[in-house]
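Coordinates as given in model.cif (mmCIF, N, CA and C atoms):
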data_model
loop_
_atom_site.group_PDB
_atom_site.id
_atom_site.type_symbol
_atom_site.label_atom_id
_atom_site.label_comp_id
_atom_site.auth_asym_id
_atom_site.auth_seq_id
_atom_site.Cartn_x
_atom_site.Cartn_y
_atom_site.Cartn_z
ATOM 1 N N MET A 1 0.851 -1.179 0.000
ATOM 2 C CA MET A 1 0.000 0.000 0.000
ATOM 3 C C MET A 1 0.893 1.236 0.000
ATOM 4 N N ALA A 2 0.662 2.120 -0.949
ATOM 5 C CA ALA A 2 1.419 3.365 -1.046
ATOM 6 C C ALA A 2 0.848 4.390 -0.067
ATOM 7 N N THR A 3 1.716 5.229 0.444
ATOM 8 C CA THR A 3 1.262 6.304 1.334
ATOM 9 C C THR A 3 1.528 7.633 0.656
ATOM 10 N N THR A 4 0.771 8.634 1.095
ATOM 11 C CA THR A 4 0.931 9.971 0.541
ATOM 12 C C THR A 4 0.932 10.975 1.687
ATOM 13 N N SER A 5 1.409 12.130 1.417
ATOM 14 C CA SER A 5 1.488 13.183 2.425
ATOM 15 C C SER A 5 0.263 14.093 2.328
ATOM 16 N N VAL A 6 -0.243 14.528 3.483
ATOM 17 C CA VAL A 6 -1.378 15.445 3.557
ATOM 18 C C VAL A 6 -0.953 16.628 4.421
ATOM 19 N N THR A 7 -1.259 17.821 3.990
ATOM 20 C CA THR A 7 -0.944 19.019 4.767
ATOM 21 C C THR A 7 -2.242 19.647 5.240
ATOM 22 N N ILE A 8 -2.321 19.970 6.529
ATOM 23 C CA ILE A 8 -3.500 20.658 7.053
ATOM 24 C C ILE A 8 -3.050 21.902 7.809
ATOM 25 N N ARG A 9 -3.931 22.876 7.881
ATOM 26 C CA ARG A 9 -3.667 24.087 8.656
ATOM 27 C C ARG A 9 -4.513 24.019 9.915
ATOM 28 N N MET A 10 -3.880 24.391 11.046
ATOM 29 C CA MET A 10 -4.555 24.270 12.327
ATOM 30 C C MET A 10 -3.962 25.313 13.271
ATOM 31 N N ASP A 11 -4.788 25.820 14.165
ATOM 32 C CA ASP A 11 -4.325 26.733 15.190
ATOM 33 C C ASP A 11 -3.172 26.071 15.949
ATOM 34 N N GLU A 12 -2.099 26.816 16.171
ATOM 35 C CA GLU A 12 -0.898 26.266 16.803
ATOM 36 C C GLU A 12 -1.181 25.718 18.204
ATOM 37 N N ASN A 13 -1.973 26.443 18.991
ATOM 38 C CA ASN A 13 -2.288 25.993 20.346
ATOM 39 C C ASN A 13 -3.114 24.705 20.316
ATOM 40 N N LEU A 14 -4.077 24.636 19.392
ATOM 41 C CA LEU A 14 -4.884 23.420 19.249
ATOM 42 C C LEU A 14 -3.996 22.231 18.890
ATOM 43 N N LYS A 15 -3.053 22.442 17.984
ATOM 44 C CA LYS A 15 -2.137 21.367 17.573
ATOM 45 C C LYS A 15 -1.323 20.868 18.764
ATOM 46 N N LYS A 16 -0.792 21.794 19.559
ATOM 47 C CA LYS A 16 0.003 21.401 20.721
ATOM 48 C C LYS A 16 -0.839 20.612 21.720
ATOM 49 N N GLN A 17 -2.072 21.077 21.969
ATOM 50 C CA GLN A 17 -2.956 20.365 22.888
ATOM 51 C C GLN A 17 -3.263 18.963 22.377
ATOM 52 N N ALA A 18 -3.543 18.855 21.083
ATOM 53 C CA ALA A 18 -3.848 17.551 20.486
ATOM 54 C C ALA A 18 -2.645 16.626 20.567
ATOM 55 N N GLU A 19 -1.468 17.140 20.267
ATOM 56 C CA GLU A 19 -0.263 16.308 20.317
ATOM 57 C C GLU A 19 -0.021 15.772 21.730
ATOM 58 N N LEU A 20 -0.233 16.615 22.744
ATOM 59 C CA LEU A 20 -0.062 16.164 24.127
ATOM 60 C C LEU A 20 -1.073 15.079 24.482
ATOM 61 N N LEU A 21 -2.320 15.291 24.090
ATOM 62 C CA LEU A 21 -3.356 14.298 24.369
ATOM 63 C C LEU A 21 -3.074 12.983 23.648
ATOM 64 N N PHE A 22 -2.727 13.082 22.365
ATOM 65 C CA PHE A 22 -2.422 11.868 21.606
ATOM 66 C C PHE A 22 -1.219 11.135 22.206
ATOM 67 N N ALA A 23 -0.226 11.878 22.644
ATOM 68 C CA ALA A 23 0.954 11.253 23.265
ATOM 69 C C ALA A 23 0.545 10.483 24.518
ATOM 70 N N ASP A 24 -0.373 11.054 25.305
ATOM 71 C CA ASP A 24 -0.880 10.349 26.488
ATOM 72 C C ASP A 24 -1.571 9.045 26.109
ATOM 73 N N MET A 25 -2.108 8.984 24.899
ATOM 74 C CA MET A 25 -2.791 7.786 24.413
ATOM 75 C C MET A 25 -1.836 6.841 23.683
ATOM 76 N N GLY A 26 -0.570 7.237 23.585
ATOM 77 C CA GLY A 26 0.405 6.419 22.865
ATOM 78 C C GLY A 26 0.334 6.592 21.359
ATOM 79 N N LEU A 27 -0.225 7.721 20.921
ATOM 80 C CA LEU A 27 -0.387 7.987 19.486
ATOM 81 C C LEU A 27 0.398 9.232 19.093
ATOM 82 N N ASN A 28 0.650 9.362 17.802
ATOM 83 C CA ASN A 28 1.138 10.632 17.286
ATOM 84 C C ASN A 28 0.039 11.230 16.408
ATOM 85 N N MET A 29 0.258 12.440 15.944
ATOM 86 C CA MET A 29 -0.773 13.141 15.156
ATOM 87 C C MET A 29 -1.137 12.349 13.901
ATOM 88 N N THR A 30 -0.151 11.808 13.212
ATOM 89 C CA THR A 30 -0.421 11.053 11.978
ATOM 90 C C THR A 30 -1.312 9.852 12.247
ATOM 91 N N THR A 31 -0.997 9.095 13.291
ATOM 92 C CA THR A 31 -1.790 7.907 13.616
ATOM 93 C C THR A 31 -3.209 8.290 14.003
ATOM 94 N N ALA A 32 -3.345 9.338 14.822
ATOM 95 C CA ALA A 32 -4.676 9.768 15.265
ATOM 96 C C ALA A 32 -5.529 10.223 14.084
ATOM 97 N N ILE A 33 -4.956 11.004 13.186
ATOM 98 C CA ILE A 33 -5.719 11.481 12.024
ATOM 99 C C ILE A 33 -6.039 10.322 11.082
ATOM 100 N N THR A 34 -5.126 9.379 10.948
ATOM 101 C CA THR A 34 -5.397 8.192 10.127
ATOM 102 C C THR A 34 -6.550 7.387 10.728
ATOM 103 N N MET A 35 -6.558 7.223 12.061
ATOM 104 C CA MET A 35 -7.658 6.506 12.721
ATOM 105 C C MET A 35 -8.989 7.206 12.464
ATOM 106 N N PHE A 36 -8.994 8.540 12.597
ATOM 107 C CA PHE A 36 -10.212 9.319 12.341
ATOM 108 C C PHE A 36 -10.682 9.111 10.903
ATOM 109 N N THR A 37 -9.752 9.217 9.956
ATOM 110 C CA THR A 37 -10.114 9.097 8.539
ATOM 111 C C THR A 37 -10.641 7.696 8.211
ATOM 112 N N LYS A 38 -10.030 6.674 8.786
ATOM 113 C CA LYS A 38 -10.526 5.310 8.565
ATOM 114 C C LYS A 38 -11.935 5.142 9.132
ATOM 115 N N ALA A 39 -12.199 5.740 10.297
ATOM 116 C CA ALA A 39 -13.543 5.655 10.885
ATOM 117 C C ALA A 39 -14.559 6.361 9.995
ATOM 118 N N VAL A 40 -14.193 7.509 9.428
ATOM 119 C CA VAL A 40 -15.088 8.235 8.522
ATOM 120 C C VAL A 40 -15.424 7.367 7.306
ATOM 121 N N VAL A 41 -14.416 6.777 6.714
ATOM 122 C CA VAL A 41 -14.629 5.947 5.520
ATOM 123 C C VAL A 41 -15.447 4.706 5.864
ATOM 124 N N ARG A 42 -15.116 4.046 6.977
ATOM 125 C CA ARG A 42 -15.819 2.825 7.375
ATOM 126 C C ARG A 42 -17.294 3.098 7.682
ATOM 127 N N GLN A 43 -17.569 4.202 8.406
ATOM 128 C CA GLN A 43 -18.930 4.511 8.829
ATOM 129 C C GLN A 43 -19.686 5.379 7.819
ATOM 130 N N ASN A 44 -18.959 5.900 6.845
ATOM 131 C CA ASN A 44 -19.541 6.778 5.824
ATOM 132 C C ASN A 44 -20.180 8.017 6.458
ATOM 133 N N LYS A 45 -19.576 8.494 7.547
ATOM 134 C CA LYS A 45 -20.046 9.697 8.230
ATOM 135 C C LYS A 45 -18.971 10.147 9.209
ATOM 136 N N ILE A 46 -19.112 11.357 9.737
ATOM 137 C CA ILE A 46 -18.247 11.803 10.814
ATOM 138 C C ILE A 46 -18.590 10.935 12.026
ATOM 139 N N PRO A 47 -17.601 10.339 12.696
ATOM 140 C CA PRO A 47 -17.900 9.356 13.743
ATOM 141 C C PRO A 47 -18.275 9.951 15.104
ATOM 142 N N PHE A 48 -18.773 11.145 15.111
ATOM 143 C CA PHE A 48 -19.276 11.751 16.343
ATOM 144 C C PHE A 48 -20.278 12.823 15.957
ATOM 145 N N GLU A 49 -21.123 13.189 16.919
ATOM 146 C CA GLU A 49 -22.150 14.184 16.660
ATOM 147 C C GLU A 49 -21.528 15.582 16.615
ATOM 148 N N ILE A 50 -21.925 16.359 15.645
ATOM 149 C CA ILE A 50 -21.462 17.739 15.532
ATOM 150 C C ILE A 50 -22.664 18.641 15.789
ATOM 151 N N THR A 51 -22.542 19.472 16.800
ATOM 152 C CA THR A 51 -23.635 20.375 17.139
ATOM 153 C C THR A 51 -23.123 21.800 17.222
ATOM 154 N N ALA A 52 -24.019 22.733 17.020
ATOM 155 C CA ALA A 52 -23.670 24.143 17.119
ATOM 156 C C ALA A 52 -23.713 24.573 18.575
ATOM 157 N N ASP A 53 -22.907 25.562 18.905
ATOM 158 C CA ASP A 53 -22.926 26.137 20.247
ATOM 159 C C ASP A 53 -24.252 26.878 20.407
ATOM 160 N N PRO A 54 -25.069 26.498 21.421
ATOM 161 C CA PRO A 54 -26.381 27.129 21.583
ATOM 162 C C PRO A 54 -26.298 28.629 21.855
ATOM 163 N N PHE A 55 -25.149 29.117 22.301
ATOM 164 C CA PHE A 55 -24.993 30.550 22.531
ATOM 165 C C PHE A 55 -25.278 31.330 21.249
ATOM 166 N N TYR A 56 -24.880 30.774 20.109
ATOM 167 C CA TYR A 56 -25.010 31.470 18.836
ATOM 168 C C TYR A 56 -26.329 31.180 18.118
ATOM 169 N N SER A 57 -27.239 30.460 18.768
ATOM 170 C CA SER A 57 -28.519 30.167 18.132
ATOM 171 C C SER A 57 -29.288 31.466 17.892
ATOM 172 N N GLU A 58 -30.138 31.445 16.887
ATOM 173 C CA GLU A 58 -30.935 32.624 16.548
ATOM 174 C C GLU A 58 -31.795 33.058 17.734
ATOM 175 N N GLU A 59 -32.369 32.084 18.433
ATOM 176 C CA GLU A 59 -33.227 32.375 19.581
ATOM 177 C C GLU A 59 -32.444 33.080 20.695
ATOM 178 N N ASN A 60 -31.257 32.571 21.017
ATOM 179 C CA ASN A 60 -30.468 33.183 22.087
ATOM 180 C C ASN A 60 -29.958 34.562 21.682
ATOM 181 N N GLN A 61 -29.547 34.711 20.429
ATOM 182 C CA GLN A 61 -29.076 36.021 19.970
ATOM 183 C C GLN A 61 -30.202 37.054 20.054
ATOM 184 N N HIS A 62 -31.410 36.664 19.702
ATOM 185 C CA HIS A 62 -32.569 37.550 19.806
ATOM 186 C C HIS A 62 -32.788 37.944 21.276
ATOM 187 N N HIS A 63 -32.717 36.959 22.172
ATOM 188 C CA HIS A 63 -32.885 37.209 23.610
ATOM 189 C C HIS A 63 -31.824 38.202 24.108
ATOM 190 N N LEU A 64 -30.570 37.994 23.711
ATOM 191 C CA LEU A 64 -29.491 38.886 24.143
ATOM 192 C C LEU A 64 -29.673 40.300 23.597
ATOM 193 N N GLN A 65 -30.065 40.416 22.339
ATOM 194 C CA GLN A 65 -30.280 41.746 21.740
ATOM 195 C C GLN A 65 -31.414 42.479 22.436
ATOM 196 N N LYS A 66 -32.474 41.758 22.782
ATOM 197 C CA LYS A 66 -33.590 42.370 23.496
ATOM 198 C C LYS A 66 -33.152 42.824 24.884
ATOM 199 N N ALA A 67 -32.376 41.991 25.582
ATOM 200 C CA ALA A 67 -31.894 42.353 26.918
ATOM 201 C C ALA A 67 -31.001 43.584 26.860
ATOM 202 N N ILE A 68 -30.144 43.679 25.863
ATOM 203 C CA ILE A 68 -29.275 44.848 25.705
ATOM 204 C C ILE A 68 -30.113 46.090 25.424
ATOM 205 N N ALA A 69 -31.083 45.967 24.530
ATOM 206 C CA ALA A 69 -31.957 47.107 24.215
ATOM 207 C C ALA A 69 -32.720 47.554 25.455
ATOM 208 N N ASP A 70 -33.214 46.609 26.261
ATOM 209 C CA ASP A 70 -33.916 46.955 27.497
ATOM 210 C C ASP A 70 -33.003 47.705 28.453
ATOM 211 N N LEU A 71 -31.779 47.224 28.612
ATOM 212 C CA LEU A 71 -30.837 47.903 29.503
ATOM 213 C C LEU A 71 -30.509 49.310 29.004
ATOM 214 N N GLU A 72 -30.306 49.440 27.700
ATOM 215 C CA GLU A 72 -30.005 50.755 27.139
ATOM 216 C C GLU A 72 -31.180 51.708 27.267
ATOM 217 N N ALA A 73 -32.409 51.174 27.317
ATOM 218 C CA ALA A 73 -33.615 51.989 27.464
ATOM 219 C C ALA A 73 -33.943 52.233 28.937
ATOM 220 N N GLY A 74 -33.069 51.771 29.851
ATOM 221 C CA GLY A 74 -33.296 51.987 31.268
ATOM 222 C C GLY A 74 -34.210 50.969 31.908
ATOM 223 N N LYS A 75 -34.573 49.950 31.179
ATOM 224 C CA LYS A 75 -35.407 48.878 31.733
ATOM 225 C C LYS A 75 -34.503 47.747 32.207
ATOM 226 N N GLY A 76 -35.024 46.926 33.070
ATOM 227 C CA GLY A 76 -34.258 45.771 33.532
ATOM 228 C C GLY A 76 -33.217 46.175 34.554
ATOM 229 N N GLN A 77 -32.330 45.267 34.851
ATOM 230 C CA GLN A 77 -31.327 45.513 35.876
ATOM 231 C C GLN A 77 -30.033 44.816 35.492
ATOM 232 N N ALA A 78 -28.937 45.554 35.564
ATOM 233 C CA ALA A 78 -27.625 44.960 35.328
ATOM 234 C C ALA A 78 -27.143 44.352 36.632
ATOM 235 N N HIS A 79 -26.559 43.189 36.559
ATOM 236 C CA HIS A 79 -26.076 42.500 37.753
ATOM 237 C C HIS A 79 -24.551 42.428 37.720
ATOM 238 N N GLU A 80 -23.972 42.425 38.897
ATOM 239 C CA GLU A 80 -22.539 42.221 39.014
ATOM 240 C C GLU A 80 -22.252 40.754 38.718
ATOM 241 N N LEU A 81 -21.095 40.505 38.147
ATOM 242 C CA LEU A 81 -20.685 39.115 37.942
ATOM 243 C C LEU A 81 -20.290 38.518 39.286
ATOM 244 N N ILE A 82 -20.686 37.304 39.507
ATOM 245 C CA ILE A 82 -20.368 36.601 40.746
ATOM 246 C C ILE A 82 -19.446 35.447 40.399
ATOM 247 N N GLU A 83 -18.305 35.402 41.044
ATOM 248 C CA GLU A 83 -17.368 34.292 40.812
ATOM 249 C C GLU A 83 -17.590 33.251 41.898
ATOM 250 N N ALA A 84 -17.706 32.022 41.486
ATOM 251 C CA ALA A 84 -17.900 30.928 42.436
ATOM 252 C C ALA A 84 -16.578 30.180 42.582
ATOM 253 N N ASP A 85 -16.276 29.805 43.795
ATOM 254 C CA ASP A 85 -15.080 29.004 44.043
ATOM 255 C C ASP A 85 -15.335 27.583 43.570
ATOM 256 N N ASP A 86 -14.327 27.003 42.934
ATOM 257 C CA ASP A 86 -14.452 25.589 42.547
ATOM 258 C C ASP A 86 -14.390 24.744 43.797
ATOM 259 N N GLU A 87 -15.298 23.810 43.901
ATOM 260 C CA GLU A 87 -15.335 22.950 45.090
ATOM 261 C C GLU A 87 -14.737 21.619 44.802
#

Write-out of the structure in structure tokens:
Amino acid sequence: MATTSVTIRMDENLKKQAELLFADMGLNMTTAITMFTKAVVRQNKIPFEITADPFYSEENQHHLQKAIADLEAGKGQAHELIEADDE
């Protein structure tokens, strides 16, 4: 079986985090990406669920815009941020 080279662009910090995680699993980046690609081909789909961040949903954005407009119009109440200690 012949092999070929693939080049991908990725955020440097993400790459470093992935390499550390893969190393903990006894893998390198090439092996991990090959495993992912084989799973995609075998299953004929991305092998995990991909969902959007609900923060960016149309409904939540509408809610946030309304809350901002209310605050700017003097309605509602701004609250201080509260930091909770990790337990």

Figure out the distance between CA of Glu49 in chain A and CA of Val6 in chain A, please, to one decimal in Å.
->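 Going from CA of Val6 in chain A over to CA of Glu49 in chain A, I get 24.6 Å.
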
Please provide as a list in words all residues within 6 Å of Met29 in chain A, with the sequence filter that same-chain residues fewer than 4 positions apart are discarded (counting only N, CA and C atoms).
-> Glu19, Ile33 and Thr34 of chain A

Just list the residues in chain A DSSP gives helix (DSSP H, G or I) on the backbone, as a ChimeraX atom specification.
-> /A:12-24,29-43,54-56,58-72

Quick one, how far is CA of Glu12 in chain A from CA of Thr30 in chain A?
->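 We find that CA of Glu12 in chain A and CA of Thr30 in chain A lie 16.0 Å from each other.
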
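CA of Arg9 in chain A is positioned 27.3 Å from CA of Ser57 in chain A.
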
Centre and edge lengths, as JSON, for the axis-aligned box enclosing every listed atom of range 3-22 of chain A with 5 Å of padding on each of the six sides, in Å to one decimal?
{"center_x": -1.6, "center_y": 16.0, "center_z": 12.5, "size_x": 16.6, "size_y": 31.6, "size_z": 34.0}
